[in-house]
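Undergrad: Would you mind keeping the following structure in view while I ask a few things?
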Amino acid sequence: MPQLSVKDLVVAYGNVQAVKGVSFDVEEGEFVSLLGPSGCGKTTTLRCIAGLESSSAGSISIGKDIVAADGMDVPPEKRGINMVFQSYAVWPHMSVFENVAYGLRTRREPSATIQTKVDEALAVVGLSTFAARFGTELSGGQQQRVALARAIVTSPRLLLFDEPLSNLDAGLRDRMRFELVDLQRRLGTTSLYVTHDQSEAMLMSDRIILMKDGEMVQSGTPRDLYDRPASRFAAEFVGNANILDGEIVRSSGDSAMVRLPGGIELEGMFTWQDHRQVTGPVAACIRAEAISPGSGPNAMIAEVKTVSFLGPTVSCILQVGHATMRAELPARQPPTVGEKITVHVAPEAVGLITR
Ligand SMILES: Nc1ncnc2c1ncn2[C@@H]1O[C@H](COP(=O)(O)OP(=O)(O)OP(=O)(O)O)[C@@H](O)[C@H]1O
Ligand SMILES: [Mg+2]
């Protein structure tokens, strides 16, 4: 039985449907991300699960309990969940200890139990020596950890996160991503994480649910979404692929020859069976790292437009016929700007998408 089950969820603000019939499950102990561009309904979905927003239709179950259905809404504090927001909402006038103890005090737990549980939660987030400090005496990253400790101290059956790291600087955000995943693994708390940052979702999640315009467009492991995007939108949003518009010249089964503007022909593979087509327009999706120097299958002559040094690789903009594409080439023998080079890409790495 899934720990969270959302079925046909619809949320409307007046005439605007922010969520248009979304269904998904999260299994016990799983870390799942809701990913999508700004305004696609991620926060609204999360707030509905938390009980901070009412649904117009559909149902939500947490564990064995139906918490929202047919106009019935269980209040947030009775759902056995906790939420961590982008703004840490650490109370400045309370000590770190009291910030974390708050949820236990409202439950009237005995003070010895509170002491033990808060000590444990602070140890988990690495703030044991900060218990007496006030909220105002902490850095952003430390405040975020207090918010985390406060969320885990009551042992919720579900943790909800809404872009909790986006206020941190890049370095700290990177560290906190790993810390958060590590913490979630150790505690095994079922987690639903909202982000519009695809690399964050890829790095942290067991599974990603991709949303667009209030609808769920694809769900799968980070690998699934990267390797087999089900739409042009998914290919662009996850991993920022080169998308080249072309026409199918001929096709056989999963494979097809595609003509790009400027006359270049490439062999590619349909990413999904239901994308197979014999003729018509097609988008060829090529990851920057799938393009290799030298000749081979799908060889192309490319003019090098820009070269940026990234360390182990160089990121290049290549002009191929009328198309431009981004390629990551080895940095050992980097091409120079203006040079004409031969590159190739394996047919399996040219994903053909017809929707
Ligand atoms: N209280 C509200 N009243 C009216 N419309 C709202 C309200 N809250 C959100 N919306 C609308 O609902 C849609 C979904 O908003 P939501 O906050 O869920 O997006 P999001 O995916 O979390 O975006 P972001 O990445 O920018 O946080 C948007 O079009 C938004 O304008
Ligand atoms: Mg949001």
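Identifiers for the structure tokens are assigned positionally: chains receive A, B, ... in sequence, residues are indexed from 1 per chain, and ligands are indexed from 1 in the order shown.
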So which residues touch region 140-143 of chain A within 10 Å, counting only C-alpha atoms, skipping near sequence neighbours fewer than 4 positions away, as a VMD selection string?

TA: chain A and resid 87 to 92 96 125 to 127 130 135 to 136 147 to 149 165 167 to 169 172 to 173 175 to 176

Undergrad: Excluding same-chain residues fewer than 4 positions from Arg150 (chain A), what lies within 10 Å of it counting only C-alpha atoms, as a count of residues only?

TA: 21

Undergrad: Which residues form the shell of 9 Å around ligand 2 when you count only C-alpha atoms and all ligand atoms, given as number ranges by chain?

TA: A: 38-44, 46, 162-163, 194-196

Undergrad: Mind dumping the selected residues with all heavy atoms as a JSON list (two decimals), in the first residue's frame?

TA:
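Below is the file again.json, written as the result:
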```json
[["chain", "number", "residue", "atom", "x", "y", "z"],
["A", 38, "SER", "N", 7.74, 27.19, -13.41],
["A", 38, "SER", "CA", 7.00, 28.07, -12.52],
["A", 38, "SER", "C", 5.53, 28.13, -12.94],
["A", 38, "SER", "O", 5.21, 28.25, -14.11],
["A", 38, "SER", "CB", 7.63, 29.46, -12.60],
["A", 38, "SER", "OG", 7.04, 30.28, -11.65],
["A", 39, "GLY", "N", 4.64, 28.00, -11.95],
["A", 39, "GLY", "CA", 3.21, 28.12, -12.20],
["A", 39, "GLY", "C", 2.54, 26.84, -12.65],
["A", 39, "GLY", "O", 1.34, 26.85, -12.98],
["A", 40, "CYS", "N", 3.24, 25.71, -12.67],
["A", 40, "CYS", "CA", 2.64, 24.48, -13.19],
["A", 40, "CYS", "C", 1.78, 23.75, -12.15],
["A", 40, "CYS", "O", 1.13, 22.75, -12.47],
["A", 40, "CYS", "CB", 3.69, 23.54, -13.76],
["A", 40, "CYS", "SG", 4.69, 22.73, -12.50],
["A", 41, "GLY", "N", 1.76, 24.22, -10.91],
["A", 41, "GLY", "CA", 0.86, 23.64, -9.91],
["A", 41, "GLY", "C", 1.53, 22.77, -8.85],
["A", 41, "GLY", "O", 0.85, 22.05, -8.12],
["A", 42, "LYS", "N", 2.84, 22.87, -8.72],
["A", 42, "LYS", "CA", 3.56, 22.03, -7.75],
["A", 42, "LYS", "C", 3.18, 22.39, -6.31],
["A", 42, "LYS", "O", 2.82, 21.53, -5.52],
["A", 42, "LYS", "CB", 5.08, 22.20, -7.93],
["A", 42, "LYS", "CG", 5.58, 21.96, -9.33],
["A", 42, "LYS", "CD", 7.08, 22.18, -9.44],
["A", 42, "LYS", "CE", 7.56, 23.59, -9.19],
["A", 42, "LYS", "NZ", 7.17, 24.56, -10.21],
["A", 43, "THR", "N", 3.31, 23.68, -6.00],
["A", 43, "THR", "CA", 3.01, 24.13, -4.64],
["A", 43, "THR", "C", 1.55, 23.86, -4.29],
["A", 43, "THR", "O", 1.24, 23.41, -3.18],
["A", 43, "THR", "CB", 3.35, 25.63, -4.48],
["A", 43, "THR", "OG1", 4.75, 25.79, -4.63],
["A", 43, "THR", "CG2", 2.92, 26.16, -3.12],
["A", 44, "THR", "N", 0.67, 24.11, -5.22],
["A", 44, "THR", "CA", -0.76, 23.89, -4.99],
["A", 44, "THR", "C", -1.01, 22.42, -4.65],
["A", 44, "THR", "O", -1.75, 22.11, -3.71],
["A", 44, "THR", "CB", -1.57, 24.30, -6.25],
["A", 44, "THR", "OG1", -1.23, 25.65, -6.58],
["A", 44, "THR", "CG2", -3.05, 24.20, -6.00],
["A", 46, "LEU", "N", 1.12, 20.29, -3.38],
["A", 46, "LEU", "CA", 1.72, 20.01, -2.07],
["A", 46, "LEU", "C", 0.85, 20.57, -0.94],
["A", 46, "LEU", "O", 0.64, 19.90, 0.08],
["A", 46, "LEU", "CB", 3.11, 20.65, -2.03],
["A", 46, "LEU", "CG", 4.10, 20.02, -1.08],
["A", 46, "LEU", "CD1", 4.49, 18.65, -1.60],
["A", 46, "LEU", "CD2", 5.35, 20.87, -0.95],
["A", 162, "ASP", "N", 8.87, 22.25, 0.05],
["A", 162, "ASP", "CA", 8.61, 23.16, -1.06],
["A", 162, "ASP", "C", 9.82, 24.04, -1.30],
["A", 162, "ASP", "O", 10.02, 25.03, -0.61],
["A", 162, "ASP", "CB", 7.36, 24.01, -0.79],
["A", 162, "ASP", "CG", 6.88, 24.72, -2.05],
["A", 162, "ASP", "OD1", 7.54, 24.58, -3.10],
["A", 162, "ASP", "OD2", 5.84, 25.41, -2.00],
["A", 163, "GLU", "N", 10.65, 23.68, -2.26],
["A", 163, "GLU", "CA", 11.86, 24.41, -2.63],
["A", 163, "GLU", "C", 12.65, 24.84, -1.40],
["A", 163, "GLU", "O", 12.98, 26.02, -1.26],
["A", 163, "GLU", "CB", 11.48, 25.66, -3.46],
["A", 163, "GLU", "CG", 10.46, 25.37, -4.53],
["A", 163, "GLU", "CD", 10.94, 25.64, -5.94],
["A", 163, "GLU", "OE1", 12.16, 25.85, -6.12],
["A", 163, "GLU", "OE2", 10.12, 25.59, -6.85],
["A", 194, "VAL", "N", 9.20, 19.43, -3.76],
["A", 194, "VAL", "CA", 8.87, 20.28, -4.90],
["A", 194, "VAL", "C", 10.08, 21.10, -5.32],
["A", 194, "VAL", "O", 10.74, 21.72, -4.48],
["A", 194, "VAL", "CB", 7.71, 21.24, -4.53],
["A", 194, "VAL", "CG1", 7.66, 22.42, -5.49],
["A", 194, "VAL", "CG2", 6.39, 20.49, -4.57],
["A", 195, "THR", "N", 10.37, 21.10, -6.61],
["A", 195, "THR", "CA", 11.45, 21.95, -7.12],
["A", 195, "THR", "C", 11.21, 22.27, -8.60],
["A", 195, "THR", "O", 10.54, 21.53, -9.30],
["A", 195, "THR", "CB", 12.83, 21.27, -6.95],
["A", 195, "THR", "OG1", 13.84, 22.13, -7.48],
["A", 195, "THR", "CG2", 12.91, 19.93, -7.63],
["A", 196, "HIS", "N", 11.75, 23.42, -9.05],
["A", 196, "HIS", "CA", 11.70, 23.69, -10.49],
["A", 196, "HIS", "C", 13.09, 23.48, -11.09],
["A", 196, "HIS", "O", 13.32, 23.76, -12.25],
["A", 196, "HIS", "CB", 11.18, 25.10, -10.76],
["A", 196, "HIS", "CG", 12.09, 26.16, -10.22],
["A", 196, "HIS", "ND1", 11.93, 26.73, -8.98],
["A", 196, "HIS", "CD2", 13.19, 26.73, -10.74],
["A", 196, "HIS", "CE1", 12.89, 27.60, -8.77],
["A", 196, "HIS", "NE2", 13.68, 27.61, -9.82]]
```

Undergrad: Could you tell me which of A:Ser231, A:Asp70, A:Asp206, A:Ser33 comes closest to Gln218 (chain A) if we count only C-alpha atoms?

TA: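 Ranked by minimum distance to Gln218 (chain A), first place goes to A:Ser231.
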
Undergrad: Pick out the residues sitting within 7 Å of region 277-285 of chain A, and hand them over as a list in words; count only C-alpha atoms, and ignore anything fewer than 2 positions along from it in its own chain.

TA: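 In the requested form, the answer reads Ala235, Ala241, Asn242, Ile243, Leu244, Asp245, Gly246, Glu247, Ile248, Val249, Arg250, Ser251, His275, Arg287, Val350, Gly351, Leu352, Ile353 and Thr354 of chain A.
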
Undergrad: List as a PyMOL selection string the protein and nucleic acid residues near region 22-24 of chain A, meaning an atom at most 9 Å away when only C-alpha atoms are counted, but skip any in the same chain fewer than 2 places from it.

TA: chain A and resi 4-10+19-20+26+45+58+209+214-216+219

Undergrad: In terms of the shortest atom-to-atom distance over only C-alpha atoms, which of A:Pro312, A:Phe31, A:Glu303, A:Ser139 is closest to Met325 (chain A)?

TA: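 Checking each candidate against Met325 (chain A), we get A:Glu303 as the closest.
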
Undergrad: Could you pull out the helix (DSSP H, G or I) residues of region 264-347 of chain A, going by DSSP on the backbone, and write them as a PDB file with N, CA and C atoms, in the first residue's frame?

TA:
```pdb
ATOM      1  N   GLN A 273       7.399   3.573 -28.319  1.00  0.00           N
ATOM      2  CA  GLN A 273       6.725   2.920 -29.451  1.00  0.00           C
ATOM      3  C   GLN A 273       5.592   3.763 -30.011  1.00  0.00           C
ATOM      4  N   ASP A 274       4.866   4.437 -29.113  1.00  0.00           N
ATOM      5  CA  ASP A 274       3.717   5.189 -29.612  1.00  0.00           C
ATOM      6  C   ASP A 274       4.118   6.494 -30.305  1.00  0.00           C
ATOM      7  N   HIS A 275       5.423   6.731 -30.420  1.00  0.00           N
ATOM      8  CA  HIS A 275       5.894   7.888 -31.195  1.00  0.00           C
ATOM      9  C   HIS A 275       6.212   7.488 -32.639  1.00  0.00           C
ATOM     10  N   ALA A 288      24.100  16.730 -25.292  1.00  0.00           N
ATOM     11  CA  ALA A 288      25.396  17.351 -25.639  1.00  0.00           C
ATOM     12  C   ALA A 288      26.547  16.358 -25.516  1.00  0.00           C
ATOM     13  N   GLU A 289      26.455  15.453 -24.515  1.00  0.00           N
ATOM     14  CA  GLU A 289      27.574  14.547 -24.279  1.00  0.00           C
ATOM     15  C   GLU A 289      27.552  13.344 -25.220  1.00  0.00           C
ATOM     16  N   ALA A 290      26.481  13.209 -26.026  1.00  0.00           N
ATOM     17  CA  ALA A 290      26.406  12.085 -26.972  1.00  0.00           C
ATOM     18  C   ALA A 290      27.152  12.389 -28.269  1.00  0.00           C
ATOM     19  N   PRO A 347      23.210   6.295 -33.487  1.00  0.00           N
ATOM     20  CA  PRO A 347      21.764   6.369 -33.745  1.00  0.00           C
ATOM     21  C   PRO A 347      20.933   6.179 -32.471  1.00  0.00           C
TER      22      PRO A 347
END
```

Undergrad: For ligand 1, which residue among A:Gln198, A:Thr116, A:Thr324, A:Ser205 is the nearest when counting only C-alpha atoms and all ligand atoms?

TA: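 Using only C-alpha atoms and all ligand atoms, ligand 1 sits closest to A:Gln198.
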
Undergrad: DSSP on the backbone: which residues in region 18-165 of chain A end up as strand (DSSP E or B)? Give the answer as a ChimeraX atom specification.

TA: /A:18-26,31-35,57-62,65-69,72-73,81-84,95,134,158-162

Undergrad: Quick one: everything within 6 Å of Leu266 (chain A), counting only C-alpha atoms, minus sequence neighbours fewer than 3 positions away in the same chain. Send it as a JSON list (two decimals) with N, CA, C and O atoms, in the first residue's frame.

TA:
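Result written to around03.json:
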```
[["chain", "number", "residue", "atom", "x", "y", "z"],
["A", 257, "MET", "N", 15.19, 7.52, -40.56],
["A", 257, "MET", "CA", 16.11, 8.54, -41.07],
["A", 257, "MET", "C", 15.36, 9.86, -41.02],
["A", 257, "MET", "O", 14.20, 9.95, -41.42],
["A", 258, "VAL", "N", 16.06, 10.88, -40.53],
["A", 258, "VAL", "CA", 15.43, 12.19, -40.36],
["A", 258, "VAL", "C", 16.24, 13.23, -41.13],
["A", 258, "VAL", "O", 17.48, 13.23, -41.06],
["A", 298, "ASN", "N", 26.39, 8.46, -38.34],
["A", 298, "ASN", "CA", 25.83, 9.82, -38.27],
["A", 298, "ASN", "C", 26.91, 10.89, -38.23],
["A", 298, "ASN", "O", 26.85, 11.84, -37.43]]
```

Undergrad: Could you list, as a list in words, every residue within 8 Å of Phe178 (chain A), counting only C-alpha atoms and ignoring same-chain residues fewer than 4 positions away?

TA: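 Returned residues: Asp174, Asp182 and Met204 of chain A.
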
Undergrad: From the options A:Ala201, A:Ser56, A:Phe233, A:Ile286, which residue's atoms come nearest to Asp213 (chain A), counting only C-alpha atoms?

TA: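 Among A:Ala201, A:Ser56, A:Phe233, A:Ile286, it is A:Phe233 that comes nearest to Asp213 (chain A).
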
Undergrad: Any idea what the distance is between atom 19 (O, counted along the ligand's line) of ligand 1 and CA of Gly188 (chain A)?

TA: 27.5 Å

Undergrad: With only C-alpha atoms and all ligand atoms as the basis for distance, which of A:Leu210, A:Leu180, A:Leu138, A:Val304 is at the shortest distance from ligand 1?

TA: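 Checking each of A:Leu210, A:Leu180, A:Leu138, A:Val304 against ligand 1, counting only C-alpha atoms and all ligand atoms, the winner is A:Leu210.
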
Undergrad: Using only C-alpha atoms and all ligand atoms, which of A:Arg228, A:Arg326, A:Arg157, A:Lys212 sits nearest ligand 1?

TA: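 Closest to ligand 1 of all the choices is A:Lys212.
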
Undergrad: Using Å and a single decimal, report how far CA of His344 (chain A) sits from CA of Ser292 (chain A).

TA: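 So the two atoms, CA of Ser292 (chain A) and CA of His344 (chain A), lie 5.5 Å apart.
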